[in-house]
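Student: Here you go, this is target_35.cif (mmCIF, C-alpha atoms and all ligand atoms).
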```
data_target
loop_
_atom_site.label_atom_id
_atom_site.label_comp_id
_atom_site.auth_asym_id
_atom_site.auth_seq_id
_atom_site.Cartn_x
_atom_site.Cartn_y
_atom_site.Cartn_z
CA MET A 23 0.00 0.00 0.00
CA LYS A 24 1.31 3.45 -0.84
CA SER A 25 1.45 5.73 2.18
CA GLN A 26 -0.69 8.39 0.48
CA GLU A 27 -3.56 5.93 0.38
CA ARG A 28 -3.83 5.62 4.16
CA LEU A 29 -7.25 6.61 5.50
CA LEU A 30 -6.04 9.33 7.85
CA MET A 31 -3.89 10.94 5.15
CA ARG A 32 -6.86 11.04 2.79
CA ALA A 33 -9.05 12.60 5.47
CA LEU A 34 -6.41 15.29 6.07
CA ARG A 35 -6.69 16.13 2.38
CA ARG A 36 -10.47 16.40 2.95
CA GLU A 37 -11.23 13.59 0.53
CA LYS A 38 -14.37 11.54 0.99
CA THR A 39 -13.45 8.34 2.84
CA GLU A 40 -15.37 5.11 3.43
CA ARG A 41 -15.39 5.79 7.16
CA THR A 42 -14.03 8.36 9.58
CA PRO A 43 -10.44 7.69 10.71
CA VAL A 44 -9.93 7.56 14.47
CA TRP A 45 -7.08 7.92 16.95
CA LEU A 46 -6.84 9.38 20.48
CA MET A 47 -4.48 11.92 21.95
CA ARG A 48 -2.46 10.14 24.70
CA GLN A 49 -3.63 6.77 23.43
CA ALA A 50 -0.39 5.25 24.73
CA GLY A 51 -0.38 5.64 28.47
CA ARG A 52 -1.16 4.68 31.99
CA TYR A 53 -4.77 3.59 31.44
CA LEU A 54 -3.32 0.52 29.67
CA PRO A 55 -2.01 -2.30 31.89
CA GLU A 56 0.50 -3.30 29.18
CA TYR A 57 1.90 0.28 29.25
CA ARG A 58 2.30 0.18 33.04
CA GLU A 59 4.16 -3.12 32.69
CA VAL A 60 6.69 -1.68 30.19
CA ARG A 61 7.08 1.43 32.34
CA ARG A 62 7.91 -0.80 35.31
CA GLN A 63 10.49 -2.74 33.27
CA ALA A 64 12.05 0.44 31.90
CA GLY A 65 12.20 2.04 35.35
CA GLY A 66 10.68 5.39 34.40
CA PHE A 67 9.10 7.61 31.79
CA MET A 68 12.28 9.20 30.36
CA GLU A 69 13.86 5.74 30.27
CA MET A 70 11.02 4.61 28.00
CA ILE A 71 11.44 7.63 25.73
CA ARG A 72 15.20 7.21 25.43
CA GLU A 73 15.11 3.47 24.65
CA PRO A 74 13.68 2.99 21.14
CA LYS A 75 12.54 -0.56 21.75
CA TYR A 76 10.37 0.55 24.69
CA ALA A 77 9.13 3.68 22.91
CA ALA A 78 8.17 1.67 19.82
CA GLU A 79 6.48 -1.01 21.92
CA VAL A 80 4.22 1.41 23.81
CA THR A 81 3.44 3.34 20.61
CA ILE A 82 2.19 0.12 19.01
CA GLN A 83 0.31 -1.21 22.09
CA PRO A 84 -2.96 0.70 21.54
CA ILE A 85 -2.92 -0.20 17.81
CA ARG A 86 -2.56 -3.86 18.69
CA ARG A 87 -5.44 -3.68 21.17
CA TYR A 88 -7.86 -1.40 19.31
CA GLY A 89 -6.64 -0.86 15.73
CA MET A 90 -6.72 2.94 15.63
CA ASP A 91 -5.91 4.48 12.23
CA ALA A 92 -2.86 6.34 13.54
CA ALA A 93 -0.06 5.75 16.00
CA ILE A 94 1.66 8.76 17.59
CA LEU A 95 5.34 8.57 18.50
CA PHE A 96 5.86 7.93 22.19
CA SER A 97 7.88 10.87 23.45
CA ASP A 98 7.14 14.22 25.05
CA ILE A 99 6.96 17.83 23.89
CA LEU A 100 9.65 18.73 26.45
CA VAL A 101 12.35 16.43 25.06
CA PRO A 102 13.74 19.10 22.67
CA LEU A 103 14.16 21.53 25.60
CA GLU A 104 16.50 19.03 27.19
CA ALA A 105 18.44 18.70 23.92
CA MET A 106 18.71 22.53 23.80
CA GLY A 107 20.47 22.50 27.15
CA MET A 108 17.83 22.52 29.88
CA LYS A 109 17.63 20.04 32.72
CA LEU A 110 14.36 18.06 32.53
CA VAL A 111 12.85 15.86 35.25
CA PHE A 112 9.67 13.78 35.25
CA ASP A 113 8.31 12.53 38.56
CA ASP A 114 4.88 11.65 39.97
CA HIS A 115 3.90 15.32 39.86
CA GLY A 116 4.62 15.68 36.14
CA PRO A 117 7.45 17.47 34.36
CA SER A 118 9.77 20.07 35.82
CA LEU A 119 12.68 22.11 34.49
CA PRO A 120 14.52 23.00 37.71
CA ILE A 121 16.65 25.72 36.09
CA PRO A 122 14.13 27.84 34.16
CA VAL A 123 15.17 30.35 31.51
CA ARG A 124 14.20 33.81 32.76
CA ASP A 125 16.70 36.28 31.38
CA ARG A 126 18.58 37.09 28.22
CA LYS A 127 21.75 35.35 29.37
CA ALA A 128 19.91 32.07 29.91
CA ILE A 129 18.14 32.41 26.57
CA ASP A 130 21.43 33.07 24.77
CA ALA A 131 22.83 29.90 26.35
CA LEU A 132 20.16 27.73 24.71
CA HIS A 133 21.32 26.07 21.50
CA VAL A 134 19.32 25.13 18.45
CA VAL A 135 20.63 21.61 17.94
CA ASP A 136 20.68 19.02 15.19
CA PRO A 137 18.05 16.43 16.22
CA ALA A 138 19.92 13.60 14.47
CA GLN A 139 22.95 14.30 16.68
CA THR A 140 21.17 14.93 19.99
CA MET A 141 17.87 12.99 19.79
CA GLY A 142 18.80 10.00 17.65
CA TYR A 143 16.61 7.82 19.85
CA VAL A 144 13.57 9.63 18.42
CA GLY A 145 14.45 8.71 14.84
CA GLU A 146 15.27 5.15 15.86
CA ALA A 147 11.94 4.81 17.73
CA LEU A 148 10.07 6.01 14.63
CA ARG A 149 11.87 3.50 12.38
CA LEU A 150 11.21 0.63 14.79
CA THR A 151 7.58 1.68 15.19
CA ARG A 152 6.97 1.85 11.44
CA ALA A 153 8.43 -1.65 11.06
CA GLY A 154 6.03 -2.97 13.71
CA LEU A 155 2.84 -1.22 12.58
CA PRO A 156 0.18 -2.62 10.26
CA ASP A 157 0.48 -1.17 6.77
CA GLU A 158 -2.77 0.79 6.99
CA THR A 159 -1.77 2.69 10.16
CA THR A 160 -0.47 6.24 9.77
CA LEU A 161 2.55 7.15 11.89
CA LEU A 162 2.40 10.62 13.43
CA GLY A 163 5.21 12.77 14.74
CA PHE A 164 4.70 15.75 17.04
CA CYS A 165 6.21 18.74 18.80
CA GLY A 166 5.09 21.40 21.22
CA ALA A 167 4.33 24.79 19.66
CA PRO A 168 6.77 27.60 20.55
CA PHE A 169 4.38 29.35 22.98
CA THR A 170 3.68 26.20 25.00
CA LEU A 171 7.38 25.26 25.02
CA ALA A 172 8.23 28.78 26.19
CA SER A 173 5.73 28.41 29.02
CA TYR A 174 7.57 25.32 30.29
CA ALA A 175 11.04 26.81 29.71
CA VAL A 176 10.25 30.07 31.55
CA GLU A 177 7.92 28.79 34.31
CA GLY A 178 9.98 25.64 34.96
CA GLY A 179 6.93 23.36 34.80
CA THR A 180 3.19 23.33 34.29
CA SER A 181 1.62 26.62 35.31
CA LYS A 182 -1.80 28.20 35.70
CA GLN A 183 -0.94 31.90 35.68
CA PHE A 184 2.29 31.94 33.67
CA SER A 185 3.51 34.92 35.74
CA PHE A 186 7.15 34.77 34.65
CA LEU A 187 6.26 34.22 31.02
CA ARG A 188 3.76 37.09 30.98
CA LYS A 189 6.30 39.41 32.57
CA MET A 190 8.86 38.51 29.93
CA MET A 191 6.30 38.93 27.12
CA TYR A 192 5.12 42.34 28.27
CA LEU A 193 8.24 43.83 29.87
CA ASP A 194 11.07 42.39 27.79
CA PHE A 195 9.72 41.58 24.36
CA ALA A 196 13.24 41.45 22.87
CA SER A 197 14.19 38.53 25.13
CA TYR A 198 10.82 36.87 24.61
CA SER A 199 11.24 37.09 20.82
CA ALA A 200 14.77 35.73 21.01
CA LEU A 201 13.49 32.72 22.96
CA MET A 202 10.55 32.15 20.59
CA ASP A 203 12.87 32.42 17.55
CA LYS A 204 15.06 29.65 18.93
CA LEU A 205 12.12 27.46 19.87
CA ALA A 206 10.50 27.85 16.44
CA ALA A 207 13.77 26.91 14.72
CA GLN A 208 14.17 23.86 16.98
CA VAL A 209 10.58 22.74 16.38
CA VAL A 210 10.97 22.95 12.59
CA ALA A 211 14.22 20.97 12.75
CA HIS A 212 12.67 18.37 15.05
CA MET A 213 9.59 17.88 12.89
CA LYS A 214 11.72 17.56 9.74
CA TYR A 215 13.86 14.97 11.48
CA GLN A 216 10.76 13.02 12.51
CA VAL A 217 9.44 13.07 8.94
CA ALA A 218 12.82 11.94 7.61
CA SER A 219 12.62 9.06 10.14
CA GLY A 220 9.16 7.88 9.04
CA ALA A 221 6.49 10.21 10.46
CA GLU A 222 3.89 10.85 7.74
CA ALA A 223 2.04 13.77 9.33
CA VAL A 224 2.88 16.00 12.29
CA VAL A 225 0.87 17.37 15.21
CA LEU A 226 1.80 20.68 16.82
CA PHE A 227 0.58 20.90 20.43
CA ASP A 228 -0.13 24.40 21.75
CA THR A 229 -1.69 23.21 24.99
CA TRP A 230 -1.60 26.56 26.81
CA ALA A 231 -2.32 28.98 23.95
CA GLY A 232 -5.95 29.26 25.04
CA SER A 233 -4.82 31.13 28.16
CA LEU A 234 -4.19 34.17 25.91
CA THR A 235 -6.77 36.66 24.69
CA ARG A 236 -7.21 36.65 20.95
CA ALA A 237 -5.18 39.86 20.58
CA ASP A 238 -2.34 38.46 22.68
CA TYR A 239 -2.47 35.17 20.78
CA GLN A 240 -2.07 37.10 17.55
CA LYS A 241 0.87 39.11 18.86
CA TYR A 242 2.72 36.67 21.12
CA ALA A 243 2.07 33.16 19.81
CA ALA A 244 0.66 33.06 16.27
CA PRO A 245 3.67 34.58 14.45
CA TRP A 246 5.92 31.75 15.64
CA THR A 247 3.29 29.06 15.08
CA ARG A 248 2.96 30.39 11.55
CA ARG A 249 6.72 30.24 11.12
CA VAL A 250 6.65 26.56 12.07
CA VAL A 251 3.65 25.82 9.83
CA ASP A 252 5.34 27.64 6.92
CA GLY A 253 8.65 25.93 7.63
CA LEU A 254 6.95 22.55 7.21
CA ALA A 255 5.04 23.39 4.03
CA GLY A 256 5.44 20.53 1.60
CA VAL A 257 7.25 18.43 4.22
CA ALA A 258 4.20 16.66 5.70
CA PRO A 259 0.57 17.48 6.53
CA ARG A 260 0.37 19.59 9.70
CA VAL A 261 -2.29 19.35 12.42
CA LEU A 262 -2.58 22.20 14.90
CA PHE A 263 -3.91 21.66 18.43
CA ALA A 264 -4.48 24.65 20.70
CA GLY A 265 -6.22 23.98 24.01
CA GLU A 266 -9.36 25.97 24.88
CA SER A 267 -8.99 28.05 21.75
CA GLY A 268 -12.64 28.62 20.80
CA HIS A 269 -12.08 32.40 20.94
CA PHE A 270 -9.46 32.40 18.19
CA LEU A 271 -10.47 29.44 16.03
CA ASP A 272 -10.54 31.65 12.94
CA ASP A 273 -6.85 32.43 13.43
CA LEU A 274 -6.13 28.70 13.62
CA PHE A 275 -8.19 27.94 10.52
CA GLY A 276 -6.26 30.62 8.63
CA MET A 277 -2.82 29.41 9.68
CA GLY A 278 -2.33 27.21 6.60
CA ALA A 279 -2.21 23.86 8.41
CA GLU A 280 -4.00 20.89 6.83
CA GLY A 281 -5.79 20.06 10.08
CA VAL A 282 -7.01 21.86 13.21
CA ALA A 283 -7.88 19.97 16.41
CA LEU A 284 -10.91 21.14 18.40
CA ASP A 285 -11.45 20.83 22.13
CA HIS A 286 -14.77 19.47 23.40
CA ARG A 287 -16.21 22.90 24.27
CA THR A 288 -16.45 23.82 20.58
CA SER A 289 -19.44 22.77 18.47
CA ILE A 290 -17.93 20.70 15.69
CA ARG A 291 -20.76 21.60 13.36
CA ASP A 292 -20.12 25.34 13.87
CA ALA A 293 -16.43 24.70 13.35
CA PHE A 294 -17.11 23.03 10.01
CA GLU A 295 -19.12 26.10 8.96
CA ARG A 296 -16.49 28.55 10.12
CA SER A 297 -13.51 26.68 8.70
CA ASN A 298 -15.33 26.60 5.37
CA GLY A 299 -13.10 24.03 3.70
CA ARG A 300 -9.82 25.63 4.74
CA CYS A 301 -8.68 22.59 6.76
CA ALA A 302 -9.68 19.19 8.08
CA LEU A 303 -11.02 19.08 11.65
CA GLN A 304 -9.94 16.71 14.39
CA GLY A 305 -11.95 15.98 17.50
CA ASN A 306 -13.73 16.56 19.63
CA PHE A 307 -15.14 14.00 22.06
CA ASP A 308 -14.95 15.06 25.72
CA PRO A 309 -12.19 12.93 27.31
CA ALA A 310 -14.11 12.96 30.61
CA ALA A 311 -17.12 11.39 28.85
CA LEU A 312 -14.96 8.24 28.57
CA PHE A 313 -15.89 7.81 32.26
CA ALA A 314 -19.43 6.82 31.18
CA SER A 315 -20.29 3.15 30.51
CA PRO A 316 -18.94 1.57 27.29
CA ASP A 317 -22.49 1.52 25.85
CA GLU A 318 -22.96 5.21 26.60
CA VAL A 319 -19.53 6.03 25.10
CA PHE A 320 -20.54 4.13 21.96
CA ARG A 321 -23.84 6.07 21.75
CA ARG A 322 -22.20 9.44 22.30
CA THR A 323 -19.47 8.73 19.75
CA THR A 324 -22.08 7.74 17.19
CA ALA A 325 -23.98 10.95 18.01
CA LEU A 326 -20.82 12.99 17.36
CA LEU A 327 -20.33 11.27 13.99
CA ASP A 328 -24.00 11.96 13.19
CA GLU A 329 -23.48 15.62 14.02
CA VAL A 330 -20.59 15.79 11.55
CA GLY A 331 -22.86 13.99 9.11
CA GLY A 332 -20.19 12.57 6.83
CA ARG A 333 -18.63 15.94 5.92
CA PRO A 334 -15.24 15.20 4.35
CA GLY A 335 -12.15 16.05 6.38
CA HIS A 336 -13.12 14.75 9.81
CA VAL A 337 -10.66 12.84 12.00
CA LEU A 338 -12.38 11.43 15.08
CA ASN A 339 -10.41 12.10 18.27
CA LEU A 340 -10.85 13.46 21.78
CA GLY A 341 -10.83 17.15 22.64
CA HIS A 342 -7.74 16.48 24.81
CA GLY A 343 -5.72 13.48 26.01
CA VAL A 344 -7.05 10.26 27.58
CA PHE A 345 -7.13 10.46 31.38
CA LYS A 346 -5.07 7.86 33.20
CA ASP A 347 -8.04 6.41 35.13
CA THR A 348 -10.04 5.72 31.96
CA ASP A 349 -11.52 2.23 31.60
CA PRO A 350 -9.80 0.56 28.59
CA GLU A 351 -13.22 -0.82 27.56
CA CYS A 352 -14.42 2.72 26.97
CA VAL A 353 -11.54 3.50 24.62
CA GLY A 354 -12.55 0.31 22.80
CA ALA A 355 -16.16 1.49 22.50
CA PHE A 356 -14.99 4.84 21.09
CA VAL A 357 -12.85 3.22 18.37
CA ARG A 358 -15.54 0.63 17.57
CA ALA A 359 -18.15 3.32 17.03
CA ALA A 360 -15.97 4.88 14.31
CA LYS A 361 -15.19 1.58 12.67
CA GLU A 362 -18.79 0.32 12.65
CA ARG A 363 -20.15 3.49 11.16
CA ALA A 364 -19.60 3.34 7.41
CA ARG A 365 -20.59 6.58 5.72
O1 LIG A 401 0.11 8.76 23.22
C1 LIG A 401 0.52 9.92 23.01
O2 LIG A 401 -0.22 10.92 22.98
C2 LIG A 401 1.99 10.11 22.66
C3 LIG A 401 2.88 10.62 23.63
C4 LIG A 401 2.73 11.99 24.27
C5 LIG A 401 3.05 12.20 25.63
N1 LIG A 401 3.04 13.54 25.90
C6 LIG A 401 3.39 11.14 26.58
C7 LIG A 401 3.26 11.40 28.02
C8 LIG A 401 2.42 13.24 23.74
C9 LIG A 401 1.95 13.58 22.33
C10 LIG A 401 2.65 14.22 24.77
C11 LIG A 401 2.50 15.67 24.58
C12 LIG A 401 2.56 16.55 25.74
N2 LIG A 401 3.38 16.48 26.83
C13 LIG A 401 1.81 17.75 25.86
C14 LIG A 401 0.88 18.31 24.81
C15 LIG A 401 -0.41 17.58 24.74
C16 LIG A 401 -1.36 17.89 25.85
O3 LIG A 401 -1.61 16.98 26.67
O4 LIG A 401 -1.85 19.01 25.91
C17 LIG A 401 2.15 18.35 27.08
C18 LIG A 401 1.59 19.64 27.66
C19 LIG A 401 3.16 17.54 27.69
C20 LIG A 401 3.88 17.78 28.96
C21 LIG A 401 3.60 16.72 29.95
N3 LIG A 401 4.07 15.42 29.87
C22 LIG A 401 2.85 16.82 31.14
C23 LIG A 401 2.15 18.08 31.62
C24 LIG A 401 2.88 15.56 31.76
C25 LIG A 401 2.32 15.22 33.11
C26 LIG A 401 0.88 14.97 33.08
C27 LIG A 401 0.61 13.50 33.00
O5 LIG A 401 -0.26 13.12 32.21
O6 LIG A 401 1.27 12.76 33.73
C28 LIG A 401 3.62 14.69 30.92
C29 LIG A 401 3.88 13.26 31.15
C30 LIG A 401 3.48 12.30 30.07
N4 LIG A 401 3.67 12.52 28.74
C31 LIG A 401 2.92 10.99 30.26
C32 LIG A 401 2.78 10.43 28.98
C33 LIG A 401 2.29 9.04 28.63
C34 LIG A 401 2.64 10.34 31.59
C35 LIG A 401 3.95 9.78 32.04
C36 LIG A 401 3.91 8.56 32.89
O7 LIG A 401 3.86 7.42 32.38
O8 LIG A 401 3.97 8.75 34.11
#
```
How does the structure come out when it is put into structure tokens?

Tutor:
Amino acid sequence: MKSQERLLMRALRREKTERTPVWLMRQAGRYLPEYREVRRQAGGFMEMIREPKYAAEVTIQPIRRYGMDAAILFSDILVPLEAMGMKLVFDDHGPSLPIPVRDRKAIDALHVVDPAQTMGYVGEALRLTRAGLPDETTLLGFCGAPFTLASYAVEGGTSKQFSFLRKMMYLDFASYSALMDKLAAQVVAHMKYQVASGAEAVVLFDTWAGSLTRADYQKYAAPWTRRVVDGLAGVAPRVLFAGESGHFLDDLFGMGAEGVALDHRTSIRDAFERSNGRCALQGNFDPAALFASPDEVFRRTTALLDEVGGRPGHVLNLGHGVFKDTDPECVGAFVRAAKERAR
């Protein structure tokens, strides 16, 4: 089978497909007992990411169990920050960067690096994954968007208020721009490296962009997202995810990416109207609705597909990642609903 014939790739081109392709953000993860077993063997999360045989195994696990139409590389958006020179730690509380980047000197000390030299395990994991995947499964690469990466680099971890980042944005725009320039260059290099290693399409995660007003999004985040999107033109189809971004969806639709991911607060039917054929749409089942019974998940997924009504260019997914205490049966019901519903 030629890669351009894969279902997900056709949907990203907004072609009519025999059914809606489906995958889930965070489909590889702690809700799966087989993931927890590999994590135990590996001894930790970063150990899994850095060892291609573990990374490939957990990437393939959900495909083996459920047969989603895409597998997403097992890694993390923060890995490139480590390669650029930051210390990165994952523990039970999530990620932290104990020496955050808060002034010009620290920003100047970050290096845009060659991914093949510094993150070879990523390319190796992609090659091993491709070799282990069914032919019809699309392999996705990903990166964090510059704004979300900056939030981690400057805050030193996950944040609610982004106080340090906001101060840098508003009070020292020259330093902020210098940081964003480096991050955008690193993201483009990392995505190109992933495509060269076998990723067929790429997802750009801007998890925290929705914390900005539309005007601030346009000034402080969009220019660098656009630089990444432009830098990957013709390299591979690009899917843009921005969390809680209903108030600037039109900016996302106009970015030039092939796909835009919607969170569950957005009406997917409205989004189809507003996007008006400019891009494919991914989403947007509420990840917390996976806590309902498998039958109810099946019904709600079917209802979402009915709402889309067979419009071309839909990729069924969640509005955000799978929660770790999700019942694996409910993920099964979600995937089954897509597969049983022929258009
Ligand atoms: O299956 C997949 O989606 C592929 C792998 C993947 C992970 N992280 C693995 C992971 C992807 C695509 C990401 C992206 C990511 N990482 C984002 C953007 C997407 C989003 O969720 O908005 C962000 C913000 C991060 C940063 C990050 N990594 C946080 C905040 C956390 C802690 C929260 C948590 O869920 O534990 C992580 C850890 C992480 N990344 C886990 C996984 C499977 C859990 C690690 C574990 O096994 O303990």

Student: I'd like the contact shell of Met68 of chain A - 10 Å cut-off, only C-alpha atoms, skipping same-chain residues fewer than 5 positions apart - returned as a list in words.

Tutor: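 My reading of the contact set: Arg61, Glu73, Ala77, Ser97, Asp98, Val101, Leu110, Val111, Phe112 and Asp113 of chain A.
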
Student: Around ligand LIG 401 (chain A), at most 8 Å away and counting only C-alpha atoms and all ligand atoms, which residues are there? Put them as a PyMOL selection string, please.

Tutor: chain A and resi 46-52+58+61+66-67+81+93-100+112-117+164-166+170+179-180+227-230+265+342-343+345-346

Student: So the first atom is atom CA of Val257 of chain A and the second is atom CA of Ala279 of chain A; what is the distance between them in Å, to one decimal place?

Tutor: 11.7 Å

Student: I'd like the interatomic distance between atom CA of Arg296 of chain A and atom CA of Arg36 of chain A, to a tenth of an Å.

Tutor: 15.3 Å

Student: Tell me, in Å to one decimal, how far atom CA of Phe275 of chain A is from atom CA of Val44 of chain A.

Tutor: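 Distance reported for this atom pair: 20.8 Å.
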
Student: Find, counting all atoms listed in the file, the residue in A:Glu146, A:Glu266, A:Asp317, A:Glu69 that gets nearest to Phe356 of chain A.

Tutor: A:Asp317

Student: May I ask which of the residues A:Ile82, A:Val353, A:Met277, A:Ala237 is the closest one to Gly154 of chain A, counting all atoms listed in the file?

Tutor: A:Ile82
